[in-house]
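*Asks:* This is final.tsv (TSV, C-alpha atoms).
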chain	number	residue	atom	x	y	z
B	1	MET	CA	-26.12	-21.19	-126.98
B	2	ALA	CA	-24.15	-21.62	-130.18
B	3	THR	CA	-20.77	-21.84	-128.46
B	4	LEU	CA	-21.94	-24.39	-125.89
B	5	ASP	CA	-21.79	-28.12	-126.47
B	6	GLU	CA	-24.75	-30.28	-125.49
B	7	SER	CA	-23.54	-30.87	-121.94
B	8	GLY	CA	-22.75	-27.19	-121.50
B	9	GLU	CA	-26.23	-26.20	-122.60
B	10	ARG	CA	-27.78	-28.69	-120.19
B	11	MET	CA	-25.70	-27.20	-117.40
B	12	LEU	CA	-26.81	-23.68	-118.34
B	13	ILE	CA	-30.46	-24.76	-118.27
B	14	GLU	CA	-29.94	-26.36	-114.86
B	15	HIS	CA	-28.42	-23.10	-113.59
B	16	MET	CA	-31.47	-21.23	-114.84
B	17	ARG	CA	-33.79	-23.72	-113.18
B	18	SER	CA	-32.02	-23.03	-109.90
B	19	ILE	CA	-32.67	-19.31	-110.41
B	20	PHE	CA	-36.37	-19.74	-111.21
B	21	ARG	CA	-37.54	-20.47	-107.69
B	22	ARG	CA	-40.74	-22.25	-106.75
B	23	ARG	CA	-42.99	-19.98	-104.75
B	24	SER	CA	-46.57	-20.58	-105.92
B	25	GLU	CA	-49.01	-23.29	-104.91
B	26	ASP	CA	-50.65	-22.89	-108.33
B	27	THR	CA	-47.77	-24.69	-110.06
B	28	VAL	CA	-48.31	-28.45	-110.15
B	29	ILE	CA	-45.45	-29.17	-112.57
B	30	GLY	CA	-42.88	-26.47	-113.35
B	31	PRO	CA	-39.70	-26.30	-115.45
B	32	GLY	CA	-38.08	-29.59	-116.40
B	33	ASP	CA	-40.85	-31.44	-118.23
B	34	ASP	CA	-42.18	-30.96	-121.74
B	35	ALA	CA	-44.93	-28.66	-120.45
B	36	ALA	CA	-46.11	-27.04	-117.24
B	37	VAL	CA	-49.23	-27.92	-115.29
B	38	ILE	CA	-50.96	-25.11	-113.41
B	39	GLY	CA	-53.88	-25.42	-111.01
B	40	GLY	CA	-55.75	-22.91	-108.89
B	41	LEU	CA	-57.96	-21.56	-111.69
B	42	SER	CA	-61.11	-21.13	-109.60
B	43	ASP	CA	-63.46	-20.23	-112.46
B	44	GLY	CA	-61.82	-22.37	-115.13
B	45	ARG	CA	-60.75	-19.40	-117.24
B	46	VAL	CA	-57.13	-18.65	-118.13
B	47	VAL	CA	-56.00	-15.12	-119.00
B	48	ALA	CA	-53.02	-15.37	-121.36
B	49	THR	CA	-50.82	-12.70	-122.92
B	50	THR	CA	-47.51	-12.74	-124.77
B	51	ASP	CA	-44.97	-10.06	-125.58
B	52	ALA	CA	-41.32	-9.83	-126.52
B	53	VAL	CA	-38.47	-7.45	-125.79
B	54	SER	CA	-35.29	-7.09	-127.83
B	55	VAL	CA	-31.82	-5.91	-126.92
B	56	GLU	CA	-31.85	-3.54	-129.88
B	57	ARG	CA	-35.07	-1.73	-128.95
B	58	HIS	CA	-35.53	-2.12	-125.21
B	59	LYS	CA	-32.09	-2.29	-123.58
B	60	THR	CA	-30.77	1.20	-122.99
B	61	PRO	CA	-26.96	1.54	-122.60
B	62	ASN	CA	-27.18	1.88	-118.81
B	63	MET	CA	-29.67	-0.98	-118.33
B	64	SER	CA	-28.24	-4.05	-116.63
B	65	TRP	CA	-29.02	-7.53	-117.89
B	66	GLU	CA	-31.04	-8.12	-114.73
B	67	GLN	CA	-33.14	-5.05	-115.50
B	68	PHE	CA	-33.59	-6.27	-119.07
B	69	GLY	CA	-34.88	-9.56	-117.72
B	70	TRP	CA	-37.21	-7.77	-115.29
B	71	THR	CA	-38.61	-5.73	-118.19
B	72	ALA	CA	-39.18	-8.88	-120.27
B	73	ALA	CA	-41.46	-10.19	-117.54
B	74	ALA	CA	-43.01	-6.85	-116.57
B	75	VAL	CA	-44.41	-6.09	-120.02
B	76	ASN	CA	-46.50	-9.24	-119.77
B	77	PHE	CA	-47.60	-8.87	-116.16
B	78	SER	CA	-48.71	-5.32	-116.98
B	79	ASP	CA	-51.10	-6.71	-119.59
B	80	LEU	CA	-52.54	-9.09	-117.00
B	81	ALA	CA	-52.97	-6.12	-114.67
B	82	ALA	CA	-55.01	-4.28	-117.30
B	83	MET	CA	-57.40	-7.24	-117.40
B	84	GLY	CA	-57.63	-7.56	-113.61
B	85	ALA	CA	-55.99	-11.00	-113.50
B	86	ARG	CA	-53.71	-12.40	-110.82
B	87	PRO	CA	-50.47	-13.79	-112.33
B	88	VAL	CA	-50.15	-17.56	-111.94
B	89	GLY	CA	-47.17	-18.35	-114.14
B	90	LEU	CA	-44.72	-17.16	-116.78
B	91	LEU	CA	-43.31	-19.00	-119.79
B	92	THR	CA	-40.18	-17.38	-121.17
B	93	ALA	CA	-37.97	-18.12	-124.17
B	94	MET	CA	-34.55	-16.54	-124.72
B	95	SER	CA	-33.09	-16.19	-128.22
B	96	MET	CA	-29.75	-14.55	-127.51
B	97	PRO	CA	-26.41	-14.31	-129.38
B	98	GLY	CA	-24.40	-17.51	-129.22
B	99	ASP	CA	-21.26	-15.74	-127.99
B	100	MET	CA	-23.04	-14.05	-125.09
B	101	GLU	CA	-21.47	-14.49	-121.66
B	102	GLU	CA	-23.17	-17.17	-119.59
B	103	SER	CA	-23.20	-14.81	-116.59
B	104	ASP	CA	-25.23	-12.29	-118.62
B	105	LEU	CA	-27.78	-14.96	-119.52
B	106	LEU	CA	-28.09	-15.92	-115.88
B	107	ASP	CA	-28.55	-12.25	-114.96
B	108	ILE	CA	-31.45	-12.04	-117.42
B	109	ALA	CA	-32.96	-15.10	-115.77
B	110	SER	CA	-32.47	-13.53	-112.35
B	111	GLY	CA	-34.24	-10.35	-113.45
B	112	ILE	CA	-37.17	-12.35	-114.80
B	113	ASP	CA	-37.40	-14.27	-111.53
B	114	GLN	CA	-37.27	-11.07	-109.46
B	115	CYS	CA	-40.23	-9.64	-111.38
B	116	CYS	CA	-42.07	-12.92	-110.88
B	117	GLU	CA	-41.38	-12.68	-107.16
B	118	PHE	CA	-42.76	-9.12	-107.12
B	119	CYS	CA	-45.93	-10.44	-108.78
B	120	LYS	CA	-46.07	-13.43	-106.41
B	121	THR	CA	-45.72	-16.02	-109.15
B	122	GLU	CA	-42.94	-17.95	-110.89
B	123	VAL	CA	-41.46	-19.14	-114.18
B	124	VAL	CA	-43.16	-22.41	-115.10
B	125	GLY	CA	-41.24	-23.18	-118.30
B	126	GLY	CA	-39.40	-21.86	-121.33
B	127	ASP	CA	-36.53	-22.38	-123.72
B	128	THR	CA	-33.12	-21.05	-124.76
B	129	LYS	CA	-31.88	-20.78	-128.35
B	130	PRO	CA	-29.14	-18.85	-130.16
B	131	GLY	CA	-30.61	-15.83	-131.90
B	132	PRO	CA	-30.71	-12.05	-132.40
B	133	GLY	CA	-31.26	-10.94	-128.80
B	134	ILE	CA	-34.94	-11.41	-128.00
B	135	VAL	CA	-36.75	-12.58	-124.88
B	136	SER	CA	-40.34	-13.62	-125.54
B	137	SER	CA	-42.63	-14.42	-122.63
B	138	THR	CA	-46.19	-15.57	-122.07
B	139	ALA	CA	-47.91	-14.70	-118.80
B	140	LEU	CA	-50.87	-16.67	-117.47
B	141	GLY	CA	-53.44	-15.18	-115.13
B	142	ASN	CA	-56.48	-16.08	-113.02
B	143	LEU	CA	-59.55	-13.84	-112.81
B	144	GLU	CA	-60.78	-15.66	-109.68
B	145	GLY	CA	-64.39	-14.95	-110.60
B	146	ARG	CA	-63.85	-11.28	-111.49
B	147	LYS	CA	-65.19	-9.86	-114.73
B	148	PRO	CA	-62.24	-9.06	-117.03
B	149	MET	CA	-61.58	-5.39	-117.74
B	150	THR	CA	-61.44	-4.75	-121.49
B	151	ARG	CA	-60.87	-1.85	-123.86
B	152	ASP	CA	-64.37	-1.72	-125.32
B	153	GLY	CA	-66.68	-0.83	-122.43
B	154	ALA	CA	-66.28	2.93	-122.02
B	155	GLN	CA	-69.56	4.90	-122.09
B	156	PRO	CA	-70.22	8.63	-122.58
B	157	GLY	CA	-70.29	10.25	-119.16
B	158	ASP	CA	-67.75	7.85	-117.64
B	159	ILE	CA	-64.80	9.31	-115.78
B	160	VAL	CA	-61.26	8.80	-117.17
B	161	ALA	CA	-58.50	8.10	-114.64
B	162	VAL	CA	-54.95	6.80	-114.30
B	163	THR	CA	-52.90	5.13	-111.61
B	164	GLY	CA	-49.57	6.61	-110.53
B	165	SER	CA	-47.79	9.45	-112.31
B	166	LEU	CA	-46.96	10.06	-115.96
B	167	GLY	CA	-43.91	10.83	-118.08
B	168	ASN	CA	-41.32	9.29	-115.77
B	169	ALA	CA	-39.91	6.68	-118.17
B	170	ALA	CA	-39.73	9.17	-121.04
B	171	ALA	CA	-37.95	11.66	-118.80
B	172	GLY	CA	-35.52	8.96	-117.75
B	173	PHE	CA	-34.76	8.19	-121.39
B	174	LEU	CA	-34.18	11.87	-122.19
B	175	ALA	CA	-31.97	12.29	-119.12
B	176	LEU	CA	-29.77	9.37	-120.17
B	177	GLU	CA	-29.69	10.47	-123.79
B	178	ASN	CA	-28.34	13.84	-122.71
B	179	GLY	CA	-25.93	12.56	-120.07
B	180	HIS	CA	-27.90	13.65	-116.99
B	181	THR	CA	-27.48	10.53	-114.90
B	182	GLU	CA	-28.33	12.33	-111.66
B	183	TYR	CA	-32.09	11.85	-112.22
B	184	GLU	CA	-32.11	8.43	-110.62
B	185	ASP	CA	-35.86	8.15	-109.99
B	186	SER	CA	-36.83	8.77	-113.61
B	187	ILE	CA	-34.07	6.50	-114.89
B	188	PHE	CA	-35.24	3.78	-112.51
B	189	SER	CA	-38.78	4.16	-113.90
B	190	LEU	CA	-37.37	3.53	-117.37
B	191	THR	CA	-35.21	0.53	-116.49
B	192	VAL	CA	-37.44	-1.16	-113.88
B	193	PRO	CA	-41.08	-0.73	-114.98
B	194	VAL	CA	-43.52	-1.76	-112.25
B	195	PRO	CA	-46.61	-3.70	-113.37
B	196	ARG	CA	-49.69	-2.56	-111.44
B	197	TRP	CA	-51.06	-6.06	-110.95
B	198	GLU	CA	-52.39	-5.47	-107.43
B	199	GLU	CA	-54.16	-2.28	-108.51
B	200	GLY	CA	-55.64	-4.13	-111.49
B	201	ILE	CA	-57.10	-6.81	-109.23
B	202	LYS	CA	-58.63	-4.20	-106.92
B	203	MET	CA	-60.07	-2.27	-109.85
B	204	ALA	CA	-61.67	-5.36	-111.38
B	205	ALA	CA	-62.98	-6.50	-107.99
B	206	SER	CA	-64.66	-3.14	-107.42
B	207	GLY	CA	-66.99	-3.69	-110.38
B	208	ALA	CA	-66.76	0.01	-111.20
B	209	VAL	CA	-64.38	-0.07	-114.18
B	210	SER	CA	-65.88	0.04	-117.66
B	211	SER	CA	-62.63	-0.12	-119.67
B	212	CYS	CA	-58.89	-0.39	-119.00
B	213	MET	CA	-55.52	-0.48	-120.77
B	214	ASP	CA	-51.92	-0.12	-119.68
B	215	LEU	CA	-49.78	2.85	-120.74
B	216	SER	CA	-46.72	1.00	-122.04
B	217	ASP	CA	-47.21	2.61	-125.47
B	218	GLY	CA	-48.11	6.04	-124.14
B	219	LEU	CA	-51.15	7.92	-122.85
B	220	GLY	CA	-52.17	9.12	-126.30
B	221	ASN	CA	-52.04	5.62	-127.73
B	222	ALA	CA	-54.10	4.19	-124.86
B	223	CYS	CA	-56.74	6.94	-125.09
B	224	ARG	CA	-57.04	6.49	-128.85
B	225	THR	CA	-57.28	2.71	-128.51
B	226	ILE	CA	-60.05	2.77	-125.90
B	227	CYS	CA	-61.94	5.40	-127.89
B	228	ALA	CA	-61.70	3.33	-131.07
B	229	ARG	CA	-62.69	0.08	-129.38
B	230	SER	CA	-65.54	1.67	-127.39
B	231	HIS	CA	-66.72	4.02	-130.18
B	232	VAL	CA	-66.49	7.07	-127.93
B	233	GLY	CA	-64.38	10.19	-127.45
B	234	MET	CA	-62.57	11.68	-124.47
B	235	GLU	CA	-61.83	15.12	-123.06
B	236	ILE	CA	-58.52	14.93	-121.18
B	237	GLU	CA	-57.57	17.94	-119.06
B	238	TRP	CA	-53.87	18.77	-119.19
B	239	GLU	CA	-53.96	20.43	-115.76
B	240	PHE	CA	-55.33	17.20	-114.23
B	241	LEU	CA	-52.51	14.95	-115.44
B	242	PRO	CA	-50.33	13.66	-112.55
B	243	ILE	CA	-46.94	14.48	-114.08
B	244	GLY	CA	-43.90	12.89	-112.44
B	245	GLU	CA	-41.80	15.06	-110.13
B	246	GLU	CA	-38.71	15.28	-112.36
B	247	VAL	CA	-40.41	15.34	-115.75
B	248	GLU	CA	-40.80	19.07	-116.34
B	249	GLU	CA	-37.29	19.82	-115.08
B	250	ILE	CA	-35.75	17.19	-117.35
B	251	CYS	CA	-37.77	18.35	-120.35
B	252	ALA	CA	-36.63	21.93	-119.81
B	253	LEU	CA	-33.02	20.82	-119.43
B	254	CYS	CA	-33.18	18.67	-122.58
B	255	ARG	CA	-35.25	21.21	-124.53
B	256	LYS	CA	-38.11	18.81	-125.11
B	257	ASP	CA	-41.82	19.62	-125.17
B	258	VAL	CA	-43.45	18.50	-121.91
B	259	LYS	CA	-46.83	17.73	-123.46
B	260	GLU	CA	-45.35	15.57	-126.19
B	261	THR	CA	-43.17	13.77	-123.66
B	262	VAL	CA	-46.02	13.04	-121.25
B	263	VAL	CA	-48.72	12.24	-123.81
B	264	ARG	CA	-46.94	10.53	-126.69
B	265	TRP	CA	-43.98	8.69	-125.21
B	266	GLY	CA	-44.39	5.20	-123.77
B	267	GLY	CA	-42.64	3.29	-121.03
B	268	ASP	CA	-45.00	4.10	-118.16
B	269	TYR	CA	-46.69	0.92	-116.98
B	270	GLU	CA	-49.57	2.68	-115.27
B	271	LEU	CA	-53.21	1.86	-115.99
B	272	LEU	CA	-55.63	4.10	-117.87
B	273	PHE	CA	-59.26	3.29	-117.06
B	274	THR	CA	-62.80	4.59	-117.22
B	275	PHE	CA	-65.57	4.15	-114.69
B	276	ASP	CA	-69.17	5.06	-113.97
B	277	LYS	CA	-69.04	8.21	-111.83
B	278	SER	CA	-71.78	6.84	-109.58
B	279	LYS	CA	-69.40	4.02	-108.57
B	280	ILE	CA	-66.43	6.15	-107.50
B	281	GLN	CA	-66.89	5.17	-103.86
B	282	ASP	CA	-66.54	1.51	-104.84
B	283	LEU	CA	-63.05	2.27	-106.17
B	284	TYR	CA	-62.13	4.12	-102.98
B	285	ASP	CA	-63.49	1.26	-100.88
B	286	ALA	CA	-61.36	-1.19	-102.90
B	287	GLY	CA	-58.25	0.80	-101.99
B	288	VAL	CA	-57.44	1.97	-105.52
B	289	ALA	CA	-55.27	5.12	-105.71
B	290	PHE	CA	-55.89	7.09	-108.91
B	291	SER	CA	-56.09	10.53	-110.50
B	292	ILE	CA	-59.10	11.71	-112.49
B	293	ILE	CA	-57.90	13.17	-115.80
B	294	GLY	CA	-61.02	13.62	-117.92
B	295	VAL	CA	-64.38	12.36	-119.12
B	296	VAL	CA	-65.71	10.07	-121.86
B	297	THR	CA	-67.74	11.91	-124.52
B	298	ASN	CA	-69.91	11.20	-127.57
B	299	ASP	CA	-67.04	12.27	-129.83
B	300	SER	CA	-64.99	9.86	-131.94
B	301	ALA	CA	-61.48	10.59	-130.64
B	302	PRO	CA	-59.65	11.75	-127.50
B	303	TYR	CA	-58.82	15.46	-127.14
B	304	LEU	CA	-56.31	17.15	-124.87
B	305	CYS	CA	-57.65	20.37	-123.37
B	306	ASP	CA	-55.39	23.08	-121.97
B	307	GLY	CA	-57.27	26.32	-121.30
B	308	GLU	CA	-58.61	27.53	-124.63
B	309	GLN	CA	-56.53	25.01	-126.58
B	310	ARG	CA	-58.11	21.71	-127.64
B	311	SER	CA	-56.23	19.27	-129.86
B	312	GLU	CA	-56.71	15.65	-130.83
B	313	MET	CA	-54.36	13.32	-129.01
B	314	GLN	CA	-51.90	11.49	-131.24
B	315	ASP	CA	-50.36	8.02	-131.16
B	316	GLY	CA	-47.07	7.32	-129.43
B	317	ILE	CA	-43.64	8.11	-130.80
B	318	TYR	CA	-41.54	5.75	-128.63
Show the structure stored in the file as structure tokens.
*Replies:*
Amino acid sequence: MATLDESGERMLIEHMRSIFRRRSEDTVIGPGDDAAVIGGLSDGRVVATTDAVSVERHKTPNMSWEQFGWTAAAVNFSDLAAMGARPVGLLTAMSMPGDMEESDLLDIASGIDQCCEFCKTEVVGGDTKPGPGIVSSTALGNLEGRKPMTRDGAQPGDIVAVTGSLGNAAAGFLALENGHTEYEDSIFSLTVPVPRWEEGIKMAASGAVSSCMDLSDGLGNACRTICARSHVGMEIEWEFLPIGEEVEEICALCRKDVKETVVRWGGDYELLFTFDKSKIQDLYDAGVAFSIIGVVTNDSAPYLCDGEQRSEMQDGIY
């Protein structure tokens, strides 16, 4: 950091190395050398993804530095989940203000490590530099012989489904924005997003999934992206959407439209996927829990259907 001398920076890096615990047999050489060495790639293919979070955009006022660190890792592990890859390592680089408290930096590192532990992997390298408040990470994954799930395989007649429930993170944001801190579950969903990496592995292993994408940028965005990449449309039934328990209550309290909150806001790290209806039992046999929300059509865009109303789904707003 800018206010640390060379010896102080070395000490900070050593503290971080003590936080980033070794827990994976895949890591041959971890933090401390010029680069990491990772083994255990059974089919020789590496799944790699990179994403960044910033204090300005992603750290809500109530979010702890540990939760910010968790989120920095989770956004990347969620992308691995959407491909059906098992996490095997994380590279992370912090570019934080030079006058930031060392304890806050170590809390970020702790949050990153906790998310790695949840995903049964570890930090294998990274860097620290003074900067505007950004943590950029690259997650590495192993398909272990599975076919990767992509965004371009949906076919007319396929079923559309999601894991988990929807709208929780958006509701948590609205609750905080309006001072309703009693909605702890929704707020937790916002500040500690859970990457569905185990579900992703099961889905890919089932062989039933034709396309997949995570919902970090919203249901509408994910539906539109899969439709565009697969050259198909979708009919999504509003009454089928698994809306989170607190969402409608929070929306009513904050005078926000429930549909817009559930469909257009991001922050949910669930998986949207399509599958051949003849293979539904394969998903059940794989132990995947999901809700059917619609069907893939010959149209060119996704539509939200609610009784007699049918409207094209729009991109995200958060």
*Asks:* With only C-alpha atoms as the atoms that count, which of B:Pro97, B:Gly220, B:Gly287, B:Pro302 lies nearest to B:Pro132?
*Replies:* B:Pro97
*Asks:* Show which residues sit within 8 Å of B:Asp79, as a VMD selection string. Count all atoms listed in the file, and ignore same-chain residues fewer than 5 positions away.
*Replies:* chain B and resid 49 213 to 214
*Asks:* Using Å and a single decimal, report how far atom CA of B:Met234 sits from atom CA of B:Gln155.
*Replies:*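 Result for atom CA of B:Gln155 versus atom CA of B:Met234: 10.0 Å, one decimal.
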*Asks:* Can you tell me, as a list in words, which residues sit within 8 Å of (-58.7, 6.8, -120.2) in the file's frame, using all atoms listed in the file?
*Replies:*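 Neighbouring residues, ordered by chain and number, come to Ile159, Val160, Ala161, Val162, Ser211, Cys212, Met213, Ala222, Cys223, Ile226, Met234, Leu272, Phe273, Thr274, Ile293, Gly294 and Val296 of chain B.
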*Asks:* Can you work out which one of B:Ala289, B:Val124, B:Ala82, B:Cys119 has the shortest atom-to-atom distance to B:Leu215, counting all atoms listed in the file?
*Replies:*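 Of the candidates, the smallest distance to B:Leu215 is held by B:Ala82.
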*Asks:* Skipping near chain neighbours, those fewer than 6 positions away, what residues fall within 10 Å of stretch 52-64 of chain B using all atoms listed in the file, listed as a VMD selection string?
*Replies:* chain B and resid 70 to 73 75 to 76 92 to 96 104 107 to 108 111 132 to 138 173 176 to 177 181 187 to 188 190 to 192 267 318
*Asks:* Could you give me, as an mmCIF file with C-alpha atoms, keeping the file's coordinate frame, the residues within 10 Å of B:Lys259, counting only C-alpha atoms and dropping anything in the same chain fewer than 5 positions from it?
*Replies:*
data_model
loop_
_atom_site.group_PDB
_atom_site.id
_atom_site.type_symbol
_atom_site.label_atom_id
_atom_site.label_comp_id
_atom_site.auth_asym_id
_atom_site.auth_seq_id
_atom_site.Cartn_x
_atom_site.Cartn_y
_atom_site.Cartn_z
ATOM 1 C CA GLY B 167 -43.910 10.830 -118.080
ATOM 2 C CA TRP B 238 -53.870 18.770 -119.190
ATOM 3 C CA ILE B 243 -46.940 14.480 -114.080
ATOM 4 C CA GLU B 248 -40.800 19.070 -116.340
ATOM 5 C CA CYS B 251 -37.770 18.350 -120.350
ATOM 6 C CA ARG B 264 -46.940 10.530 -126.690
ATOM 7 C CA TRP B 265 -43.980 8.690 -125.210
ATOM 8 C CA LEU B 304 -56.310 17.150 -124.870
#
*Asks:* Generate the missing atoms of stretch 261-270 of chain B up to all heavy atoms and report them as a compact mmCIF listing (two decimals), keeping the file's coordinate frame.
*Replies:*
# COMPACT_ATOMS: atom_id res chain seq x y z
N THR B 261 -43.85 14.78 -124.46
CA THR B 261 -43.17 13.77 -123.66
C THR B 261 -44.16 13.00 -122.80
O THR B 261 -44.10 11.76 -122.72
CB THR B 261 -42.10 14.43 -122.76
OG1 THR B 261 -41.15 15.11 -123.59
CG2 THR B 261 -41.39 13.40 -121.91
N VAL B 262 -45.07 13.69 -122.16
CA VAL B 262 -46.02 13.04 -121.25
C VAL B 262 -47.09 12.27 -122.00
O VAL B 262 -47.47 11.17 -121.60
CB VAL B 262 -46.68 14.10 -120.32
CG1 VAL B 262 -47.82 13.49 -119.52
CG2 VAL B 262 -45.63 14.70 -119.38
N VAL B 263 -47.57 12.82 -123.11
CA VAL B 263 -48.72 12.24 -123.81
C VAL B 263 -48.33 11.19 -124.83
O VAL B 263 -49.00 10.16 -124.97
CB VAL B 263 -49.56 13.36 -124.48
CG1 VAL B 263 -50.67 12.76 -125.34
CG2 VAL B 263 -50.14 14.30 -123.44
N ARG B 264 -47.22 11.38 -125.54
CA ARG B 264 -46.94 10.53 -126.69
C ARG B 264 -45.86 9.47 -126.46
O ARG B 264 -45.78 8.50 -127.20
CB ARG B 264 -46.56 11.40 -127.90
CG ARG B 264 -47.67 12.35 -128.33
CD ARG B 264 -47.37 12.98 -129.67
NE ARG B 264 -47.34 11.96 -130.73
CZ ARG B 264 -46.87 12.20 -131.96
NH1 ARG B 264 -46.35 13.40 -132.25
NH2 ARG B 264 -46.89 11.26 -132.87
N TRP B 265 -45.02 9.68 -125.46
CA TRP B 265 -43.98 8.69 -125.21
C TRP B 265 -44.55 7.54 -124.37
O TRP B 265 -45.44 7.74 -123.55
CB TRP B 265 -42.79 9.32 -124.48
CG TRP B 265 -41.92 10.14 -125.38
CD1 TRP B 265 -42.30 11.21 -126.14
CD2 TRP B 265 -40.53 9.96 -125.61
NE1 TRP B 265 -41.23 11.70 -126.83
CE2 TRP B 265 -40.12 10.96 -126.52
CE3 TRP B 265 -39.58 9.06 -125.13
CZ2 TRP B 265 -38.82 11.07 -126.97
CZ3 TRP B 265 -38.27 9.18 -125.57
CH2 TRP B 265 -37.91 10.17 -126.49
N GLY B 266 -43.98 6.36 -124.55
CA GLY B 266 -44.39 5.20 -123.77
C GLY B 266 -43.44 4.92 -122.63
O GLY B 266 -42.64 5.77 -122.24
N GLY B 267 -43.55 3.72 -122.10
CA GLY B 267 -42.64 3.29 -121.03
C GLY B 267 -43.23 3.35 -119.65
O GLY B 267 -42.69 2.74 -118.72
N ASP B 268 -44.32 4.10 -119.46
CA ASP B 268 -45.00 4.10 -118.16
C ASP B 268 -45.94 2.89 -118.12
O ASP B 268 -46.74 2.69 -119.04
CB ASP B 268 -45.81 5.39 -117.97
CG ASP B 268 -44.94 6.61 -117.74
OD1 ASP B 268 -43.88 6.46 -117.09
OD2 ASP B 268 -45.30 7.69 -118.21
N TYR B 269 -45.85 2.11 -117.08
CA TYR B 269 -46.69 0.92 -116.98
C TYR B 269 -47.85 1.13 -116.01
O TYR B 269 -48.25 0.22 -115.28
CB TYR B 269 -45.84 -0.29 -116.60
CG TYR B 269 -45.04 -0.79 -117.78
CD1 TYR B 269 -43.97 -0.05 -118.29
CD2 TYR B 269 -45.38 -1.97 -118.43
CE1 TYR B 269 -43.26 -0.48 -119.39
CE2 TYR B 269 -44.66 -2.41 -119.54
CZ TYR B 269 -43.61 -1.65 -120.00
OH TYR B 269 -42.91 -2.08 -121.12
N GLU B 270 -48.37 2.37 -116.05
CA GLU B 270 -49.57 2.68 -115.27
C GLU B 270 -50.80 2.17 -116.02
O GLU B 270 -50.71 1.69 -117.15
CB GLU B 270 -49.66 4.19 -115.03
CG GLU B 270 -48.47 4.80 -114.32
CD GLU B 270 -48.27 4.25 -112.91
OE1 GLU B 270 -49.23 3.66 -112.35
OE2 GLU B 270 -47.17 4.41 -112.37
